[in-house]
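Chemist: File name upload-v8.txt; file contents compact mmCIF, C-alpha atoms; full text below.
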```
# COMPACT_ATOMS: atom_id res chain seq x y z
CA MET A 173 7.77 49.60 29.71
CA ALA A 174 8.60 46.88 27.17
CA ILE A 175 9.20 43.31 28.33
CA ASP A 176 12.30 41.60 26.96
CA LEU A 177 12.21 37.94 26.05
CA LEU A 178 14.87 35.23 26.14
CA LEU A 179 14.39 31.81 24.56
CA GLY A 180 16.21 28.86 23.02
CA LEU A 181 16.47 28.45 19.25
CA GLN A 182 17.34 24.76 18.95
CA TRP A 183 16.07 21.59 20.66
CA GLY A 184 16.66 22.94 24.17
CA ASP A 185 19.78 22.74 26.35
CA GLU A 186 21.20 25.88 24.69
CA GLY A 187 22.38 27.50 27.94
CA LYS A 188 19.46 29.82 28.64
CA GLY A 189 19.86 29.61 32.41
CA LYS A 190 23.39 30.95 32.33
CA ILE A 191 22.45 33.93 30.15
CA VAL A 192 19.42 34.79 32.30
CA ASP A 193 21.72 34.69 35.32
CA VAL A 194 24.22 36.98 33.56
CA LEU A 195 21.54 39.45 32.44
CA THR A 196 19.48 39.51 35.65
CA LYS A 197 21.35 42.50 37.08
CA LYS A 198 19.57 44.60 34.41
CA TYR A 199 16.08 43.40 35.37
CA ASP A 200 13.71 43.72 38.30
CA ILE A 201 11.58 40.66 37.42
CA ILE A 202 12.45 37.33 35.76
CA ALA A 203 9.32 35.46 34.61
CA ARG A 204 9.09 31.86 33.36
CA PHE A 205 6.30 31.53 30.80
CA GLN A 206 5.94 27.85 29.82
CA GLY A 207 7.15 24.31 30.36
CA GLY A 208 7.69 22.56 33.64
CA PRO A 209 10.25 20.38 35.43
CA ASN A 210 11.23 18.86 32.07
CA ALA A 211 13.42 21.97 31.82
CA GLY A 212 16.90 21.97 33.31
CA HIS A 213 18.50 25.41 33.49
CA THR A 214 22.11 25.11 34.67
CA LEU A 215 23.93 28.01 36.34
CA GLU A 216 27.54 27.92 37.47
CA PHE A 217 29.38 30.51 39.55
CA GLU A 218 31.98 30.51 42.30
CA GLY A 219 32.73 26.88 41.45
CA ILE A 220 29.20 25.67 42.27
CA LYS A 221 26.76 24.23 39.73
CA HIS A 222 23.03 24.84 40.22
CA VAL A 223 20.27 23.17 38.20
CA LEU A 224 16.81 24.76 38.22
CA HIS A 225 13.74 23.01 36.80
CA THR A 226 10.82 25.31 37.61
CA ILE A 227 12.26 28.28 39.48
CA PRO A 228 13.35 31.16 37.21
CA SER A 229 17.09 31.60 36.72
CA GLY A 230 17.29 34.97 38.49
CA ILE A 231 16.75 33.42 41.90
CA PHE A 232 20.38 33.89 43.03
CA HIS A 233 20.23 37.66 42.55
CA PRO A 234 19.02 39.30 45.80
CA LYS A 235 17.21 42.20 44.12
CA ALA A 236 15.30 40.21 41.48
CA ILE A 237 11.71 39.02 41.78
CA ASN A 238 11.18 35.61 40.15
CA LEU A 239 7.74 34.80 38.78
CA VAL A 240 6.44 31.40 37.65
CA GLY A 241 3.79 32.31 35.10
CA ASN A 242 0.40 30.85 34.23
CA GLY A 243 1.83 28.95 31.23
CA VAL A 244 4.06 26.81 33.45
CA VAL A 245 3.03 23.41 34.84
CA ILE A 246 4.25 22.69 38.38
CA ASP A 247 5.10 19.44 40.13
CA PRO A 248 4.87 20.30 43.86
CA VAL A 249 7.25 17.47 44.83
CA ILE A 250 10.00 18.66 42.48
CA PHE A 251 9.33 22.31 43.33
CA LYS A 252 9.66 21.53 47.05
CA GLN A 253 13.03 19.86 46.44
CA GLU A 254 14.23 22.88 44.45
CA LEU A 255 13.27 25.14 47.33
CA GLU A 256 15.05 22.87 49.81
CA ASN A 257 18.18 23.08 47.65
CA LEU A 258 18.12 26.88 47.97
CA LYS A 259 18.24 26.90 51.79
CA PRO A 260 22.07 27.08 52.09
CA PHE A 261 22.05 30.36 50.13
CA ASP A 262 19.85 32.38 52.53
CA ILE A 263 17.36 33.39 49.84
CA ASN A 264 14.15 34.98 51.07
CA VAL A 265 11.92 32.81 48.91
CA ARG A 266 8.68 34.21 50.29
CA GLU A 267 9.57 37.65 48.92
CA SER A 268 11.63 36.81 45.83
CA LEU A 269 9.58 33.95 44.32
CA LEU A 270 5.99 34.32 43.12
CA VAL A 271 3.74 31.71 41.52
CA SER A 272 0.75 32.41 39.29
CA ARG A 273 -2.57 31.14 40.59
CA LYS A 274 -3.38 30.12 37.01
CA ALA A 275 -0.41 27.77 36.66
CA HIS A 276 -1.49 24.12 36.43
CA LEU A 277 -0.44 21.36 38.83
CA ILE A 278 1.21 18.10 37.79
CA LEU A 279 -0.47 15.33 39.77
CA PRO A 280 1.19 11.99 40.63
CA THR A 281 -1.13 10.30 38.14
CA HIS A 282 0.00 12.66 35.37
CA ARG A 283 3.47 11.19 35.73
CA LEU A 284 2.08 7.67 35.77
CA LEU A 285 0.06 8.39 32.63
CA ASP A 286 3.18 9.74 30.94
CA ALA A 287 5.12 6.56 31.71
CA ALA A 288 2.25 4.25 30.76
CA SER A 289 1.69 6.07 27.48
CA GLU A 290 5.37 5.80 26.50
CA MET A 291 5.39 2.11 27.37
CA ALA A 292 2.29 1.51 25.25
CA LYS A 293 3.90 3.21 22.23
CA GLY A 294 6.86 0.83 22.20
CA LYS A 295 9.30 1.74 19.43
CA ALA A 296 7.10 4.71 18.45
CA LYS A 297 7.77 6.50 21.75
CA ILE A 298 8.62 10.20 21.48
CA GLY A 299 11.32 10.31 24.17
CA SER A 300 9.30 11.97 26.92
CA THR A 301 11.12 13.10 30.07
CA LEU A 302 8.35 11.23 31.98
CA LYS A 303 7.68 14.25 34.18
CA GLY A 304 3.96 14.29 33.43
CA ILE A 305 4.16 17.41 31.29
CA GLY A 306 2.14 16.17 28.31
CA PRO A 307 -0.77 14.71 30.31
CA THR A 308 -0.95 17.91 32.40
CA TYR A 309 -1.21 20.13 29.34
CA MET A 310 -3.80 17.69 27.91
CA ASP A 311 -5.93 18.18 31.02
CA LYS A 312 -5.41 21.92 30.74
CA THR A 313 -6.72 22.07 27.17
CA GLY A 314 -9.38 19.50 28.04
CA ARG A 315 -10.57 21.83 30.84
CA ASN A 316 -10.03 19.23 33.53
CA GLY A 317 -6.86 20.60 35.12
CA ILE A 318 -6.16 21.67 38.68
CA ARG A 319 -4.49 25.04 39.13
CA ILE A 320 -2.46 26.61 41.90
CA GLY A 321 -5.45 28.78 42.80
CA ASP A 322 -7.56 25.67 43.39
CA ILE A 323 -5.44 24.55 46.35
CA GLU A 324 -6.51 27.71 48.19
CA LEU A 325 -10.13 26.50 48.01
CA SER A 326 -11.74 24.17 50.56
CA THR A 327 -13.10 21.78 47.89
CA TRP A 328 -9.90 21.16 45.96
CA LYS A 329 -9.26 17.63 47.26
CA GLU A 330 -12.63 16.48 45.94
CA LYS A 331 -11.70 17.87 42.52
CA TYR A 332 -8.32 16.14 42.82
CA ALA A 333 -9.92 12.77 43.63
CA LEU A 334 -12.17 12.91 40.55
CA LEU A 335 -9.22 13.59 38.26
CA ARG A 336 -7.04 10.98 39.94
CA ASP A 337 -9.68 8.29 39.48
CA LYS A 338 -10.08 9.25 35.83
CA HIS A 339 -6.33 8.92 35.32
CA LEU A 340 -6.16 5.53 37.04
CA ALA A 341 -8.90 4.22 34.76
CA MET A 342 -6.97 5.50 31.71
CA ILE A 343 -3.78 3.77 32.90
CA ASP A 344 -5.70 0.54 33.40
CA ASN A 345 -7.04 0.77 29.83
CA LEU A 346 -3.50 1.03 28.41
CA LYS A 347 -2.83 -2.56 29.55
CA VAL A 348 0.83 -2.03 30.47
CA SER A 349 2.82 -3.40 33.39
CA LEU A 350 3.39 -0.36 35.59
CA GLU A 351 4.07 -0.84 39.28
CA PHE A 352 3.28 1.98 41.71
CA SER A 353 1.79 2.79 45.09
CA ILE A 354 -0.74 5.60 44.74
CA GLU A 355 -0.80 5.97 48.52
CA ASP A 356 2.95 6.66 48.69
CA LEU A 357 2.81 9.05 45.74
CA GLU A 358 -0.11 10.95 47.23
CA ALA A 359 1.57 11.24 50.62
CA ALA A 360 4.55 13.00 49.04
CA PHE A 361 2.29 15.11 46.82
CA PHE A 362 0.02 16.45 49.60
CA ASP A 363 3.02 17.11 51.83
CA ALA A 364 4.63 19.15 49.03
CA VAL A 365 1.42 21.08 48.36
CA ALA A 366 1.24 22.08 52.04
CA TYR A 367 4.91 23.07 51.92
CA LEU A 368 4.37 25.32 48.89
CA LYS A 369 1.36 27.03 50.45
CA ALA A 370 3.51 27.96 53.44
CA ALA A 371 6.73 28.83 51.58
CA VAL A 372 5.72 30.64 48.39
CA SER A 373 3.53 33.63 47.55
CA PHE A 374 0.70 33.03 45.04
CA VAL A 375 -0.33 35.97 42.83
CA ASP A 376 -2.67 36.93 40.02
CA SER A 377 0.32 37.13 37.73
CA GLU A 378 -1.11 39.02 34.76
CA GLU A 379 -2.24 41.81 37.10
CA TYR A 380 1.10 41.77 38.89
CA LEU A 381 2.95 42.20 35.59
CA ARG A 382 0.53 44.92 34.42
CA VAL A 383 1.27 46.97 37.53
CA ALA A 384 5.00 46.28 37.17
CA GLN A 385 4.95 47.60 33.60
CA GLN A 386 2.96 50.62 34.72
CA ASN A 387 5.65 51.28 37.36
CA LYS A 388 8.35 51.01 34.66
CA GLN A 389 10.00 47.94 36.13
CA HIS A 390 12.33 46.00 33.85
CA ILE A 391 11.02 42.51 33.06
CA LEU A 392 12.70 39.55 31.34
CA ALA A 393 10.53 36.64 30.21
CA GLU A 394 12.44 33.34 30.37
CA GLY A 395 11.57 30.45 28.05
CA ALA A 396 12.26 26.76 28.58
CA GLN A 397 13.13 23.99 26.10
CA GLY A 398 13.78 25.30 22.56
CA SER A 399 11.96 26.65 19.51
CA LEU A 400 12.34 23.39 17.57
CA LEU A 401 10.35 21.68 20.35
CA ASP A 402 7.38 24.05 19.99
CA ILE A 403 4.07 22.18 19.80
CA ASP A 404 3.12 24.02 16.58
CA PHE A 405 6.43 24.92 14.94
CA GLY A 406 8.77 22.19 16.15
CA THR A 407 9.58 18.76 14.73
CA TYR A 408 6.15 17.34 15.52
CA PRO A 409 5.34 14.87 17.07
CA PHE A 410 8.77 14.84 18.71
CA VAL A 411 8.08 18.08 20.56
CA THR A 412 7.05 19.34 23.97
CA SER A 413 3.45 20.19 24.88
CA SER A 414 3.70 23.97 25.08
CA ASN A 415 4.55 26.94 22.87
CA THR A 416 8.27 27.50 23.37
CA THR A 417 8.41 30.36 20.85
CA ALA A 418 7.87 34.08 21.46
CA ALA A 419 4.11 33.68 21.15
CA GLY A 420 4.19 31.49 24.26
CA ALA A 421 5.36 34.43 26.34
CA CYS A 422 2.17 36.31 25.50
CA THR A 423 -0.15 33.47 26.49
CA GLY A 424 2.08 32.18 29.30
CA LEU A 425 2.29 35.51 31.11
CA GLY A 426 -0.63 37.58 29.83
CA ILE A 427 1.59 39.97 27.88
CA ALA A 428 0.24 41.86 24.86
CA PRO A 429 2.37 41.32 21.70
CA ASN A 430 3.05 45.04 21.37
CA ARG A 431 4.70 45.04 24.82
CA ILE A 432 7.58 42.79 23.71
CA GLY A 433 10.90 44.63 23.40
CA GLU A 434 14.19 42.83 22.76
CA VAL A 435 14.04 39.13 21.84
CA PHE A 436 17.25 37.35 22.83
CA GLY A 437 17.81 34.06 21.02
CA ILE A 438 20.21 31.51 22.54
CA PHE A 439 21.94 28.82 20.47
CA LYS A 440 24.97 26.54 20.72
CA ALA A 441 27.91 26.80 18.31
CA TYR A 442 26.89 23.28 17.29
CA THR A 443 23.61 21.38 17.67
CA THR A 444 22.37 18.87 20.24
CA ARG A 445 19.18 16.98 20.88
CA VAL A 446 17.94 14.74 23.72
CA GLY A 447 15.55 11.88 23.04
CA SER A 448 13.88 10.82 19.83
CA GLY A 449 13.14 12.83 16.71
CA PRO A 450 14.76 13.95 13.44
CA PHE A 451 18.19 15.60 13.53
CA PRO A 452 19.61 16.23 10.02
CA THR A 453 23.15 17.24 11.07
CA GLU A 454 23.63 14.54 13.72
CA LEU A 455 27.10 12.99 13.80
CA PHE A 456 27.80 9.35 14.55
CA ASP A 457 31.59 9.57 14.30
CA GLU A 458 34.55 10.67 16.42
CA VAL A 459 33.68 14.34 15.85
CA GLY A 460 30.24 13.91 17.39
CA GLU A 461 31.71 11.89 20.26
CA THR A 462 34.26 14.63 20.92
CA MET A 463 31.56 17.32 21.00
CA GLY A 464 29.58 15.33 23.54
CA ARG A 465 32.60 14.57 25.72
CA VAL A 466 34.14 18.05 25.71
CA GLY A 467 30.75 19.77 26.00
CA HIS A 468 29.57 17.46 28.84
CA GLU A 469 26.43 16.84 26.85
CA PHE A 470 24.12 15.14 29.28
CA GLY A 471 20.57 16.33 29.99
CA ALA A 472 20.32 18.42 33.18
CA THR A 473 16.88 16.93 33.82
CA THR A 474 17.11 13.39 32.45
CA GLY A 475 20.84 12.67 32.61
CA ARG A 476 20.55 11.18 29.12
CA ALA A 477 23.43 11.66 26.71
CA ARG A 478 22.65 14.33 24.12
CA ARG A 479 22.98 13.62 20.43
CA CYS A 480 25.50 15.99 18.81
CA GLY A 481 25.96 17.42 15.33
CA TRP A 482 27.11 20.37 13.26
CA LEU A 483 25.36 23.74 13.48
CA ASP A 484 22.21 23.79 11.35
CA LEU A 485 21.85 27.34 10.04
CA VAL A 486 18.68 26.57 8.09
CA ALA A 487 16.93 25.58 11.31
CA LEU A 488 18.52 28.47 13.20
CA LYS A 489 17.33 31.03 10.66
CA TYR A 490 13.84 29.54 10.84
CA ALA A 491 13.83 29.94 14.63
CA VAL A 492 15.15 33.51 14.39
CA GLU A 493 12.36 34.45 12.01
CA ILE A 494 9.40 32.87 13.81
CA ASN A 495 10.51 34.46 17.09
CA GLY A 496 11.46 37.90 15.76
CA VAL A 497 14.90 37.59 17.39
CA THR A 498 16.73 40.91 17.75
CA GLN A 499 19.97 39.65 19.33
CA LEU A 500 21.71 36.29 19.26
CA MET A 501 23.86 34.75 21.97
CA MET A 502 26.16 31.86 21.03
CA MET A 503 27.01 29.31 23.69
CA LYS A 504 29.81 26.74 23.99
CA GLY A 505 32.12 28.19 21.36
CA ASP A 506 34.96 26.72 23.43
CA VAL A 507 33.78 23.16 22.69
CA LEU A 508 34.73 23.54 19.01
CA SER A 509 38.37 24.43 19.77
CA GLY A 510 40.80 21.96 18.23
CA PHE A 511 38.95 20.97 15.06
CA ASP A 512 40.88 21.64 11.84
CA GLU A 513 37.67 22.53 10.04
CA LEU A 514 34.04 23.07 10.93
CA LYS A 515 30.93 22.40 8.91
CA VAL A 516 27.66 24.31 9.00
CA CYS A 517 24.47 23.28 7.23
CA THR A 518 23.38 26.03 4.82
CA ALA A 519 20.76 24.16 2.76
CA TYR A 520 18.90 20.86 2.51
CA THR A 521 18.30 18.41 -0.27
CA TYR A 522 14.59 17.75 0.26
CA GLN A 523 12.73 15.25 -1.90
CA GLY A 524 15.41 15.68 -4.57
CA LYS A 525 15.46 19.50 -4.57
CA THR A 526 17.74 22.05 -2.89
CA ILE A 527 15.86 24.21 -0.40
CA GLU A 528 16.96 26.84 2.13
CA HIS A 529 14.01 26.72 4.51
CA LEU A 530 12.75 24.26 7.11
CA PRO A 531 10.40 21.83 5.32
CA TYR A 532 7.34 20.05 6.65
CA SER A 533 9.34 16.89 7.41
CA LEU A 534 12.92 16.55 8.61
CA ASN A 535 12.94 12.75 8.42
CA ALA A 536 16.30 11.35 7.36
CA ASP A 537 14.88 9.56 4.30
CA GLU A 538 13.64 12.89 2.91
CA VAL A 539 16.26 15.42 4.07
CA THR A 540 20.02 15.55 3.46
CA PRO A 541 22.02 18.50 4.82
CA GLN A 542 24.26 20.50 2.48
CA TYR A 543 27.36 21.85 4.22
CA THR A 544 29.69 24.81 3.97
CA THR A 545 33.17 24.18 5.41
CA LEU A 546 34.93 26.83 7.52
CA PRO A 547 38.39 26.84 9.14
CA GLY A 548 38.57 25.89 12.81
CA TRP A 549 40.70 27.27 15.64
CA LYS A 550 43.12 25.69 18.10
CA GLU A 551 43.15 28.31 20.86
CA ASP A 552 41.71 27.60 24.32
CA LEU A 553 38.81 30.05 24.52
CA THR A 554 37.96 29.28 28.15
CA ARG A 555 40.73 31.59 29.38
CA MET A 556 39.57 34.55 27.29
CA ARG A 557 37.50 37.34 28.80
CA ASN A 558 37.48 40.08 26.15
CA ALA A 559 36.31 40.16 22.54
CA ASN A 560 39.70 41.35 21.29
CA GLU A 561 41.30 38.12 22.55
CA LEU A 562 39.17 35.87 20.34
CA PRO A 563 41.01 34.20 17.42
CA LYS A 564 40.49 35.35 13.84
CA THR A 565 38.89 32.11 12.63
CA PHE A 566 36.47 32.14 15.57
CA ASN A 567 35.38 35.65 14.62
CA GLU A 568 34.99 34.52 11.02
CA TYR A 569 32.73 31.68 12.19
CA VAL A 570 30.61 34.16 14.17
CA ALA A 571 30.46 36.57 11.22
CA PHE A 572 29.35 33.79 8.86
CA ILE A 573 26.44 32.94 11.17
CA GLU A 574 25.45 36.59 11.55
CA ASP A 575 25.45 37.10 7.79
CA PHE A 576 23.39 33.96 7.15
CA VAL A 577 20.64 34.69 9.69
CA GLN A 578 20.87 38.49 9.36
CA THR A 579 20.95 39.00 13.13
CA PRO A 580 23.83 40.23 15.34
CA ILE A 581 25.51 37.98 17.91
CA SER A 582 25.94 40.18 20.99
CA ILE A 583 27.29 37.57 23.42
CA VAL A 584 29.55 34.54 23.06
CA SER A 585 30.01 32.09 25.92
CA VAL A 586 33.37 30.34 26.29
CA GLY A 587 32.67 28.25 29.38
CA PRO A 588 30.03 27.48 32.00
CA ASP A 589 30.94 30.12 34.58
CA ARG A 590 29.40 33.59 34.73
CA SER A 591 32.83 35.10 34.09
CA GLN A 592 33.24 33.15 30.84
CA THR A 593 30.79 35.40 29.03
CA ILE A 594 32.06 37.83 26.40
CA PHE A 595 30.00 40.80 25.29
CA ARG A 596 30.70 41.67 21.66
CA SER A 597 28.75 44.91 21.97
CA PRO A 598 28.39 47.34 24.87
CA GLU A 599 26.32 45.96 27.78
```
Using structure tokens, write down the structure that the file contains.
Modeler:
Amino acid sequence: MAIDLLLGLQWGDEGKGKIVDVLTKKYDIIARFQGGPNAGHTLEFEGIKHVLHTIPSGIFHPKAINLVGNGVVIDPVIFKQELENLKPFDINVRESLLVSRKAHLILPTHRLLDAASEMAKGKAKIGSTLKGIGPTYMDKTGRNGIRIGDIELSTWKEKYALLRDKHLAMIDNLKVSLEFSIEDLEAAFFDAVAYLKAAVSFVDSEEYLRVAQQNKQHILAEGAQGSLLDIDFGTYPFVTSSNTTAAGACTGLGIAPNRIGEVFGIFKAYTTRVGSGPFPTELFDEVGETMGRVGHEFGATTGRARRCGWLDLVALKYAVEINGVTQLMMMKGDVLSGFDELKVCTAYTYQGKTIEHLPYSLNADEVTPQYTTLPGWKEDLTRMRNANELPKTFNEYVAFIEDFVQTPISIVSVGPDRSQTIFRSPE
């Protein structure tokens, strides 16, 4: 049985959580394959907004099993709080939520290292969420990390102490003014670890998924962040520390490449970015301000205002191609209602030449976007529920995108609620 894959195609915040929630009824297992609590997947239904950081977005469906894969990094303190937030909804977490024993733990000192490192960089900081993600992945690749499976062993606290002391020495060497109480941080950390051991089931996830495939269960792999934040293919160094592209699902879950079925790519009808890094189509005018205000563009994890700009089709096509996207899903089309005209980037001027691919550098002094102008629409899309209600100019906008990236758009979202999801092709 093939495993379908859903991921973001921009700089994150595309609306992946909502689409996973909408699609979950088709799947038996939802599996997160990379990232950590730097992700913020927002779901909204029945007038209630839910933000998930580590837990897969199928958790509110009673029949779905939710798996946190080996490629994910887990902060026990944040994970505990997420689980506490689920208590009013009578979810049987012990049965519906599984965690890979090979997933790595974020220690309190990973977060301190993250903060100290950003402080030491000064103006050169990369805009980290300060969740300890980068230092945790560094320990993983440096073969120093602590994994979920370790906390089931009697000697794990000795291993923890060695790594903690190493981190504290590194922080001291950075010579920054960082105030903290390691005793307080450790008290919360060890309490959360004990909580997780009692509340959640740990599994050998690659074997679990192998058996699930053998039993013909339907599996959806859920990505976090976005393709343009991929450690290899994103706007380096302003990226995350994991592979956010389709390849990350293979390494983050133990899936063979030939087992991937549909690849769903999520993107906004415009572009946003949180934190530092190049952004060719960013707007600094009233249009950009309107996008941010109408779209409520604030990071679900950081609370930081998102930078807003026109849709960059060059970057979108790049993400479609490196991921092998088979279906596109466009979010927040409703936010663009009211503009007389819309612009989309269809090429760049790069080092004096016109190019139609993503170059090595997207720095503003080397890249200038070239735009195509399309007519806007005035209608309020948030009230629409069927494809035949959508205005002509909206459909023309969608068709232009499909033609440019040579991939069909099967879903358009016209609001945050589950019900504000329009299927343009049969479900």
Chemist: Which one of A:Val245, A:Leu368, A:Leu553, A:Leu346 sits closest to Met310 (chain A) if you count all atoms listed in the file?
Modeler: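 Distance minimum relative to Met310 (chain A) lands on A:Val245.
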Chemist: To one decimal place, how far is CA of Arg445 (chain A) from CA of Glu469 (chain A) in Å?
Modeler: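 Pair CA of Arg445 (chain A) / CA of Glu469 (chain A) returns 9.4 Å.
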Chemist: Would you list the residues near (34.9, 35.2, 14.3) (no more than 12 Å away, in the coordinates of the file, using only C-alpha atoms) as an mmCIF file with C-alpha atoms, in the frame of the given file?
Modeler:
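Here's the written file out.cif:
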```
data_model
loop_
_atom_site.group_PDB
_atom_site.id
_atom_site.type_symbol
_atom_site.label_atom_id
_atom_site.label_comp_id
_atom_site.auth_asym_id
_atom_site.auth_seq_id
_atom_site.Cartn_x
_atom_site.Cartn_y
_atom_site.Cartn_z
ATOM 1 C CA ALA A 441 27.910 26.800 18.310
ATOM 2 C CA MET A 502 26.160 31.860 21.030
ATOM 3 C CA GLY A 505 32.120 28.190 21.360
ATOM 4 C CA LEU A 546 34.930 26.830 7.520
ATOM 5 C CA PRO A 547 38.390 26.840 9.140
ATOM 6 C CA GLY A 548 38.570 25.890 12.810
ATOM 7 C CA TRP A 549 40.700 27.270 15.640
ATOM 8 C CA ALA A 559 36.310 40.160 22.540
ATOM 9 C CA ASN A 560 39.700 41.350 21.290
ATOM 10 C CA GLU A 561 41.300 38.120 22.550
ATOM 11 C CA LEU A 562 39.170 35.870 20.340
ATOM 12 C CA PRO A 563 41.010 34.200 17.420
ATOM 13 C CA LYS A 564 40.490 35.350 13.840
ATOM 14 C CA THR A 565 38.890 32.110 12.630
ATOM 15 C CA PHE A 566 36.470 32.140 15.570
ATOM 16 C CA ASN A 567 35.380 35.650 14.620
ATOM 17 C CA GLU A 568 34.990 34.520 11.020
ATOM 18 C CA TYR A 569 32.730 31.680 12.190
ATOM 19 C CA VAL A 570 30.610 34.160 14.170
ATOM 20 C CA ALA A 571 30.460 36.570 11.220
ATOM 21 C CA PHE A 572 29.350 33.790 8.860
ATOM 22 C CA ILE A 573 26.440 32.940 11.170
ATOM 23 C CA GLU A 574 25.450 36.590 11.550
ATOM 24 C CA ASP A 575 25.450 37.100 7.790
ATOM 25 C CA ILE A 581 25.510 37.980 17.910
ATOM 26 C CA VAL A 584 29.550 34.540 23.060
ATOM 27 C CA ARG A 596 30.700 41.670 21.660
#
```
Chemist: Counting only C-alpha atoms, which of A:Ala384, A:Val348, A:Ile263, A:Met556 gets nearest to Ile202 (chain A)?
Modeler: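 Nearest to Ile202 (chain A): A:Ala384.
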Chemist: At what distance in Å, to one decimal, does CA of His225 (chain A) lie from CA of Glu355 (chain A)?
Modeler: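 If I compute the distance from CA of Glu355 (chain A) to CA of His225 (chain A), I get 25.3 Å.
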Chemist: Quick one: residues within 6 Å of Val271 (chain A), only C-alpha atoms, excluding same-chain residues fewer than 3 positions away - as a list of chain:residue names?
Modeler: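 Everything that qualifies: A:Leu239, A:Val240, A:Phe374.
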Chemist: Counting all atoms listed in the file, which residue out of A:Met503, A:Val411, A:Leu483, A:Leu534 sits closest to Lys297 (chain A)?
Modeler: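 Of the candidates, the smallest distance to Lys297 (chain A) is held by A:Val411.
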Chemist: Please provide the set of residues having any atom within 9 Å of Ile250 (chain A), restricted to all atoms listed in the file, with same-chain residues fewer than 2 positions apart removed, written as a list in words.
Modeler: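 In the requested form, the answer reads Pro209, His225, Thr226, Ile246, Asp247, Pro248, Lys252, Gln253, Glu254, Leu255 and Ala364 of chain A.
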Chemist: Can you measure CA of Gly524 (chain A) to CA of Asp537 (chain A) for me? One decimal in Å is fine.
Modeler: 10.8 Å
Chemist: My list of candidates is A:Leu401, A:Ile527, A:Cys422, A:Leu179. Which is closest to Ile191 (chain A) when distances are computed with all atoms listed in the file?
Modeler: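 Once distances to Ile191 (chain A) are computed over all atoms listed in the file, the minimum belongs to A:Leu179.
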Chemist: List the spatial neighbours of Arg557 (chain A) as an MDAnalysis selection string - criterion: any atom at most 12 Å away, all atoms listed in the file, same-chain residues fewer than 6 positions off excluded.
Modeler: chainID A and resid 583:587 589:596
Chemist: Let me make sure I understand: among A:Arg319, A:Arg465, A:Lys331, A:Arg266, which one has the smallest atom-to-atom distance to Ala370 (chain A) if we use all atoms listed in the file?
Modeler: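 Among the listed residues, A:Arg266 lies closest to Ala370 (chain A).
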Chemist: Which centre and which edge lengths, in Å to one decimal, describe the axis-aligned box that holds all listed atoms of region 499-508 of chain A after 5 Å is added on each side, as AutoDock Vina command-line options?
Modeler:
```
--center_x 27.5 --center_y 31.4 --center_z 21.5 --size_x 25.0 --size_y 26.5 --size_z 15.0
```
Chemist: Which of these, A:Pro409, A:Gly481, A:Gly496, A:Gly475, has the shortest distance to Leu514 (chain A) once you count all atoms listed in the file?
Modeler: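 Looking only at the distances to Leu514 (chain A), the closest residue turns out to be A:Gly481.
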Chemist: Identify, on the basis of only C-alpha atoms, every residue whose closest approach to Leu270 (chain A) does not exceed 10 Å; exclude the query and any residue fewer than 4 positions from it along the same chain; express the result as number ranges by chain.
Modeler: A: 203, 227-228, 237-241, 265-266, 372-377, 380
